[in-house]
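Chemist: The structure file query-v2.txt (compact mmCIF, C-alpha atoms and all ligand atoms) is provided below.
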```txt
# COMPACT_ATOMS: atom_id res chain seq x y z
CA MET A 778 104.67 62.61 87.96
CA LEU A 779 102.49 61.33 90.77
CA ARG A 780 102.52 63.24 94.03
CA CYS A 781 102.65 61.67 97.51
CA LYS A 782 99.02 62.61 97.85
CA ASP A 783 98.15 60.50 94.79
CA ILE A 784 100.15 57.61 96.18
CA ALA A 785 98.18 57.76 99.43
CA ALA A 786 94.89 58.12 97.54
CA HIS A 787 95.47 55.07 95.35
CA ALA A 788 97.37 52.81 97.73
CA SER A 789 94.50 50.32 97.99
CA GLU A 790 94.20 50.02 94.23
CA HIS A 791 97.96 49.49 94.06
CA ILE A 792 97.79 46.73 96.67
CA ASP A 793 94.78 45.10 95.01
CA GLY A 794 96.39 45.19 91.57
CA GLU A 795 93.63 47.43 90.21
CA LEU A 796 95.87 50.00 88.53
CA ASN A 797 96.41 49.78 84.78
CA TRP A 798 99.95 49.36 83.47
CA LYS A 799 100.51 53.07 82.94
CA GLN A 800 99.32 53.99 86.43
CA SER A 801 101.34 51.11 87.86
CA LEU A 802 104.47 52.35 86.19
CA GLY A 803 104.05 55.87 87.59
CA TYR A 804 103.24 54.41 90.98
CA GLY A 805 106.30 52.20 91.01
CA LEU A 806 108.57 55.05 89.93
CA HIS A 807 107.35 57.25 92.76
CA LEU A 808 107.87 54.47 95.31
CA LEU A 809 111.37 53.99 94.00
CA VAL A 810 112.35 57.53 94.93
CA CYS A 811 110.12 58.22 97.95
CA GLY A 812 110.84 56.55 101.28
CA TYR A 813 107.81 58.10 102.98
CA CYS A 814 105.45 56.59 100.47
CA ARG A 815 107.18 53.21 100.65
CA ARG A 816 106.63 53.32 104.39
CA PHE A 817 103.01 54.31 103.92
CA VAL A 818 102.27 51.46 101.53
CA ARG A 819 104.09 48.96 103.74
CA GLN A 820 102.04 50.08 106.73
CA LEU A 821 98.82 49.79 104.79
CA ARG A 822 99.70 46.19 103.94
CA THR A 823 100.50 45.54 107.60
CA THR A 824 97.18 47.08 108.56
CA ILE A 825 95.26 44.79 106.22
CA ALA A 826 97.07 41.74 107.55
CA CYS A 827 96.39 42.77 111.17
CA ALA A 828 92.73 43.55 110.61
CA ARG A 829 92.25 40.36 108.67
CA ALA A 830 93.81 38.28 111.44
CA VAL A 831 91.64 39.91 114.10
CA ALA A 832 88.41 39.82 112.12
CA ALA A 833 88.89 36.19 111.06
CA ASP A 834 88.18 35.07 114.58
CA ASP A 835 84.43 35.60 114.32
CA ALA A 836 82.77 32.18 114.28
CA LEU A 837 79.47 31.79 116.13
CA ALA A 838 79.57 29.78 119.32
CA HIS A 839 78.58 26.18 118.62
CA ASP A 840 75.33 26.48 120.61
CA GLU A 841 74.20 29.49 118.66
CA ALA A 842 75.00 27.85 115.35
CA ARG A 843 73.16 24.70 116.43
CA ARG A 844 70.08 26.71 117.32
CA ILE A 845 69.96 28.21 113.84
CA SER A 846 70.64 24.88 112.21
CA GLU A 847 67.86 23.19 114.24
CA ARG A 848 65.39 25.82 113.18
CA VAL A 849 66.33 25.25 109.55
CA TYR A 850 65.95 21.47 109.78
CA ASP A 851 62.62 21.82 111.64
CA HIS A 852 61.41 24.10 108.91
CA ALA A 853 62.51 21.61 106.26
CA SER A 854 60.72 18.68 107.89
CA ARG A 855 57.39 20.46 107.98
CA PRO A 856 54.92 19.19 105.39
CA MET B 585 92.58 32.64 116.68
CA LEU B 586 93.20 32.14 112.98
CA HIS B 587 91.84 28.63 113.09
CA ASN B 588 88.36 29.08 111.64
CA ASP B 589 88.99 29.14 107.93
CA GLN B 590 91.44 26.33 108.03
CA GLN B 591 88.88 23.67 108.79
CA ALA B 592 87.63 23.01 105.31
CA LEU B 593 83.94 22.49 104.71
CA ASP B 594 83.00 19.25 103.01
CA ILE B 595 80.73 20.35 100.20
CA ASP B 596 79.53 16.84 99.39
CA ALA B 597 78.43 16.38 102.99
CA LEU B 598 76.60 19.71 102.77
CA ARG B 599 74.82 18.59 99.60
CA ARG B 600 73.75 15.36 101.27
CA GLY B 601 72.17 17.39 104.07
CA ASP B 602 74.68 16.46 106.75
CA ARG B 603 73.51 18.35 109.80
CA ALA B 604 76.82 18.71 111.63
CA MET B 605 78.45 20.10 108.51
CA PHE B 606 75.57 22.53 108.00
CA THR B 607 75.99 23.72 111.59
CA ARG B 608 79.68 24.31 110.86
CA LEU B 609 78.75 26.31 107.79
CA VAL B 610 76.44 28.45 109.91
CA ALA B 611 79.07 28.93 112.60
CA LEU B 612 81.70 30.01 110.11
CA HIS B 613 79.62 32.39 108.04
CA HIS B 614 76.65 33.68 110.00
CA ARG B 615 78.30 36.80 111.41
CA ARG B 616 79.82 37.80 108.07
CA LEU B 617 76.52 37.32 106.27
CA VAL B 618 74.79 39.52 108.85
CA ILE B 619 77.40 42.23 108.24
CA VAL B 620 76.63 42.16 104.53
CA ALA B 621 72.85 42.04 105.07
CA ARG B 622 73.15 45.08 107.33
CA ALA B 623 74.63 47.09 104.46
CA ILE B 624 71.68 46.19 102.24
CA VAL B 625 68.63 46.26 104.56
CA GLY B 626 69.94 48.10 107.62
CA GLU B 627 70.48 46.97 111.18
CA ALA B 628 66.86 46.22 112.06
CA TRP B 629 66.31 43.45 109.51
CA ALA B 630 69.78 42.05 108.99
CA GLU B 631 69.66 39.17 111.46
CA GLU B 632 66.20 38.05 110.33
CA VAL B 633 67.16 38.23 106.68
CA VAL B 634 70.12 35.92 107.27
CA GLN B 635 68.01 33.51 109.34
CA GLU B 636 65.63 33.27 106.40
CA ALA B 637 68.54 32.93 104.01
CA TRP B 638 69.78 29.85 105.87
CA ILE B 639 66.47 28.16 105.10
CA SER B 640 66.94 28.95 101.40
CA VAL B 641 70.56 27.81 101.53
CA HIS B 642 69.55 24.51 103.06
CA ARG B 643 66.84 24.00 100.46
CA ALA B 644 69.15 24.85 97.55
CA LEU B 645 72.31 23.04 98.70
CA PRO B 646 71.51 19.69 97.04
CA LYS B 647 71.40 21.57 93.74
CA PHE B 648 74.58 23.58 94.36
CA GLU B 649 76.82 22.72 91.44
CA GLY B 650 79.95 24.44 92.60
CA ARG B 651 80.17 26.53 89.44
CA SER B 652 80.47 29.66 91.53
CA SER B 653 82.36 29.49 94.78
CA LEU B 654 80.33 28.49 97.81
CA LEU B 655 81.06 31.92 99.26
CA THR B 656 79.73 33.92 96.34
CA TRP B 657 76.71 31.63 96.24
CA LEU B 658 75.98 32.17 99.97
CA TYR B 659 76.28 35.93 99.72
CA THR B 660 74.10 36.00 96.63
CA ILE B 661 71.34 34.14 98.46
CA VAL B 662 71.55 36.64 101.32
CA ARG B 663 71.48 39.51 98.85
CA ASN B 664 68.35 38.10 97.21
CA GLU B 665 66.68 37.51 100.56
CA ALA B 666 67.53 41.08 101.55
CA ARG B 667 66.12 42.41 98.32
CA THR B 668 62.89 40.49 98.82
CA ARG B 669 62.63 42.02 102.27
CA LEU B 670 63.04 45.50 100.89
CA GLY B 671 60.29 44.79 98.41
CA LYS B 672 59.98 47.59 95.95
CA GLU B 673 61.64 50.07 98.24
CA ALA B 674 65.01 51.41 97.28
CA ARG B 675 68.15 49.98 98.78
CA TYR B 676 68.73 51.01 102.35
CA VAL B 677 71.16 53.89 102.04
CA SER B 678 73.76 54.38 104.71
CA LEU B 679 75.17 57.86 105.10
CA ASP B 680 78.35 56.65 103.56
CA THR B 681 77.09 55.77 100.11
CA PHE B 682 77.32 58.95 98.16
CA PRO B 683 78.69 58.93 94.66
CA GLU B 684 80.63 62.13 95.22
CA ASN B 685 82.84 60.31 97.72
CA SER B 686 86.36 60.15 96.38
CA HIS B 687 89.78 59.09 97.58
CA GLU B 688 90.62 62.77 98.06
CA ASP B 689 87.62 63.15 100.37
CA THR B 690 88.86 60.15 102.27
CA LEU B 691 92.29 61.69 102.86
CA ARG B 692 90.62 64.90 103.97
CA ALA B 693 88.12 63.18 106.23
CA LEU B 694 90.95 61.38 107.98
CA ASN B 695 92.96 64.60 108.36
CA MET B 696 95.85 63.30 106.37
CA ALA B 697 98.03 66.32 105.74
CA PHE B 698 99.77 67.15 102.48
CA ARG B 699 101.54 70.28 101.38
CA GLY B 700 100.29 72.40 98.51
CA ASP B 701 102.63 70.61 96.13
CA GLY B 702 101.19 67.21 97.16
CA HIS B 703 104.08 66.08 99.34
CA TRP B 704 103.63 64.69 102.85
CA GLN B 705 103.42 67.46 105.40
CA GLY B 706 105.29 65.27 107.86
CA ALA B 707 106.76 61.81 107.63
CA PRO B 708 104.32 58.96 108.20
CA ALA B 709 105.10 57.65 111.69
CA ASP B 710 107.68 54.90 111.75
CA TRP B 711 106.28 51.66 113.12
CA HIS B 712 108.59 49.70 115.35
CA VAL B 713 107.49 46.32 114.07
CA ASP B 714 106.18 45.32 110.72
CA SER B 715 105.11 41.85 111.64
CA PRO B 716 101.41 42.04 112.45
CA LEU B 717 101.28 38.67 114.09
CA ALA B 718 103.89 39.70 116.64
CA TRP B 719 101.74 42.67 117.54
CA LEU B 720 98.59 40.67 117.78
CA GLU B 721 99.92 38.74 120.74
CA ASN B 722 98.75 41.91 122.32
CA THR B 723 95.03 41.73 123.10
CA ALA B 724 94.77 45.48 123.61
CA LEU B 725 95.54 46.04 119.94
CA GLN B 726 93.05 43.33 119.00
CA ASP B 727 90.40 45.16 121.02
CA CYS B 728 91.27 48.43 119.28
CA ILE B 729 90.88 46.82 115.88
CA ASN B 730 87.63 45.11 116.81
CA ARG B 731 86.16 48.31 118.16
CA THR B 732 87.17 50.16 115.02
CA LEU B 733 85.57 47.51 112.82
CA GLU B 734 82.35 47.87 114.78
CA ARG B 735 82.38 51.61 114.30
CA LEU B 736 82.85 51.52 110.53
CA SER B 737 79.77 52.42 108.50
CA ALA B 738 77.68 49.42 107.43
CA ASP B 739 78.93 49.78 103.86
CA GLN B 740 82.59 50.03 104.80
CA ARG B 741 82.31 47.06 107.11
CA ALA B 742 80.64 44.96 104.42
CA VAL B 743 83.24 45.85 101.81
CA PHE B 744 86.09 45.17 104.24
CA THR B 745 84.54 41.80 105.14
CA LEU B 746 84.04 40.72 101.56
CA ARG B 747 87.39 41.89 100.28
CA ASP B 748 89.94 41.66 103.07
CA LEU B 749 88.41 38.81 104.99
CA GLN B 750 86.78 36.70 102.27
CA GLN B 751 89.16 37.90 99.53
CA MET B 752 86.37 38.13 97.04
CA GLU B 753 86.84 39.75 93.63
CA LEU B 754 85.83 43.39 93.42
CA GLN B 755 83.31 42.66 90.69
CA ASP B 756 81.52 40.07 92.86
CA ILE B 757 81.43 42.58 95.71
CA CYS B 758 79.84 45.16 93.41
CA ASN B 759 77.17 42.64 92.42
CA ILE B 760 76.38 41.60 95.97
CA LEU B 761 76.19 45.10 97.40
CA GLU B 762 74.82 46.67 94.22
CA LEU B 763 77.44 49.38 94.33
CA SER B 764 79.60 50.77 91.55
CA ASN B 765 83.22 49.74 91.26
CA SER B 766 84.43 53.21 92.24
CA ASN B 767 82.12 53.27 95.26
CA VAL B 768 83.43 49.92 96.46
CA ARG B 769 87.02 51.11 96.06
CA VAL B 770 86.39 54.28 98.03
CA LEU B 771 84.64 52.40 100.83
CA LEU B 772 87.45 49.85 101.01
CA HIS B 773 90.19 52.45 101.04
CA ARG B 774 88.39 54.45 103.69
CA ALA B 775 87.95 51.40 105.91
CA ARG B 776 91.59 50.42 105.56
CA LEU B 777 92.92 53.91 106.23
CA THR B 778 90.70 54.23 109.28
CA LEU B 779 92.15 50.99 110.63
CA MET B 780 95.64 52.16 109.75
CA GLN B 781 95.21 55.33 111.77
CA VAL B 782 94.06 53.33 114.75
CA ILE B 783 97.15 51.13 114.59
CA ASN B 784 99.24 54.25 114.14
CA ARG B 785 97.81 55.81 117.26
CA TYR B 786 98.22 52.57 119.12
CA GLN B 787 101.88 52.25 118.25
CA GLU B 788 102.50 55.86 119.27
CA THR B 789 100.49 55.99 122.48
CA GLY B 790 99.90 52.38 123.49
CA SER B 791 96.12 52.85 123.47
CA CYS B 792 93.28 53.34 120.99
ZN ZN A 901 105.89 60.12 98.06
```
Take the structure in the file and give it back as structure tokens.
Ligand SMILES: [Zn+2]
Modeler:
Amino acid sequence: MLRCKDIAAHASEHIDGELNWKQSLGYGLHLLVCGYCRRFVRQLRTTIACARAVAADDALAHDEARRISERVYDHASRP
Amino acid sequence: MLHNDQQALDIDALRRGDRAMFTRLVALHHRRLVIVARAIVGEAWAEEVVQEAWISVHRALPKFEGRSSLLTWLYTIVRNEARTRLGKEARYVSLDTFPENSHEDTLRALNMAFRGDGHWQGAPADWHVDSPLAWLENTALQDCINRTLERLSADQRAVFTLRDLQQMELQDICNILELSNSNVRVLLHRARLTLMQVINRYQETGSC
């Protein structure tokens, strides 16, 4: 039987579908009976969604991107 | 926010050498490529390595066949550029990349408390809301998350970026960062739990 500690340790693998069927079964059974661990896994999913949403907003300003792009095209046009 | 990825890149235009499209490609990916380069060559060379990589990308684009995804292809070029820069030296090693790292170490490092029998010492805090987007209306939480991302080790940040942002397969991440599968998993879990604790603290105290 998996302990809460194991559930916390392998929560990312659970979320990413990296557990094999046997591990998955044990994991699912524990979640079925343990509200704390269900909460923990739910919060980890929420965390990933939050961080992803925040980090996605990371494009370079157009001017900066254009400067890099100009340098690349200059380089390419050199003999 | 959330608008960047939704503007699709026109790969045919990129292959033809369309300059505006190339600039878009740079805008969308430059920062993420620098994050990954940093994990391979370290802070000092990362920006330069990616600048050089853009020249290689531009040169190789007409021959890009789309057999791998554009993303994996871009990161592979950066990885190769980074490797060239390192020459024969070993991979830059951040303090985080030790094989003895395990998930158990991660729980310990983050002071997550369990009883001797492996049960939670206390209940995980109950979050008031489970919809992240509702929370993110709040710029203070966004700042907390951004600051936490900046403070992650170079390896953790790179793994987070490749997996949770770019949603790349674990195996591709291993190849790009030249890390073992178990190392990548530990780094990813550690990054996520660190972020989770920050959100936890935020929802309890209203600050980072
Ligand atoms: Zn449990």
Chemist: Provide the atom CA of B:Ala611 to atom CA of B:Tyr659 distance in Å, to one decimal place.
Modeler: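 Straight-line distance from atom CA of B:Ala611 to atom CA of B:Tyr659 works out to 14.9 Å.
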Chemist: As a quick test: using all atoms listed in the file, which residues lie no more than 6 Å away from ligand ZN 901 (chain A)? Give them as an NGL selection string.
Modeler: :A and (781 or 811 or 813-814)
Chemist: Within 9 Å of chain B, which residues of chain A show up when using only C-alpha atoms, listed as a VMD selection string?
Modeler: chain A and resid 779 to 783 785 to 790 813 to 814 816 to 817 819 to 821 823 to 839 841 to 850 852 to 853
Chemist: Which residues are close to B:Glu649, i.e. within 12 Å by all atoms listed in the file, leaving aside same-chain residues fewer than 3 positions away? Reply as a PyMOL selection string.
Modeler: chain B and resi 595-596+598-599+644-646+652-654+657
Chemist: So the first atom is atom CA of B:Gln740 and the second is atom CA of B:Ala592; what is the distance between them in Å, to one decimal place?
Modeler: 27.5 Å
Chemist: Which residues, written as number ranges by chain, have at least one atom at most 9 Å from stretch 791-798 of chain A, with all atoms listed in the file counted and residues fewer than 6 positions away on the same chain left out?
Modeler: A: 784, 804, 818, 821-822
Chemist: What is the distance, in Å and to one decimal place, between atom CA of B:Leu746 and atom CA of B:Val768?
Modeler: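 Between atom CA of B:Leu746 and atom CA of B:Val768 the gap is 10.5 Å.
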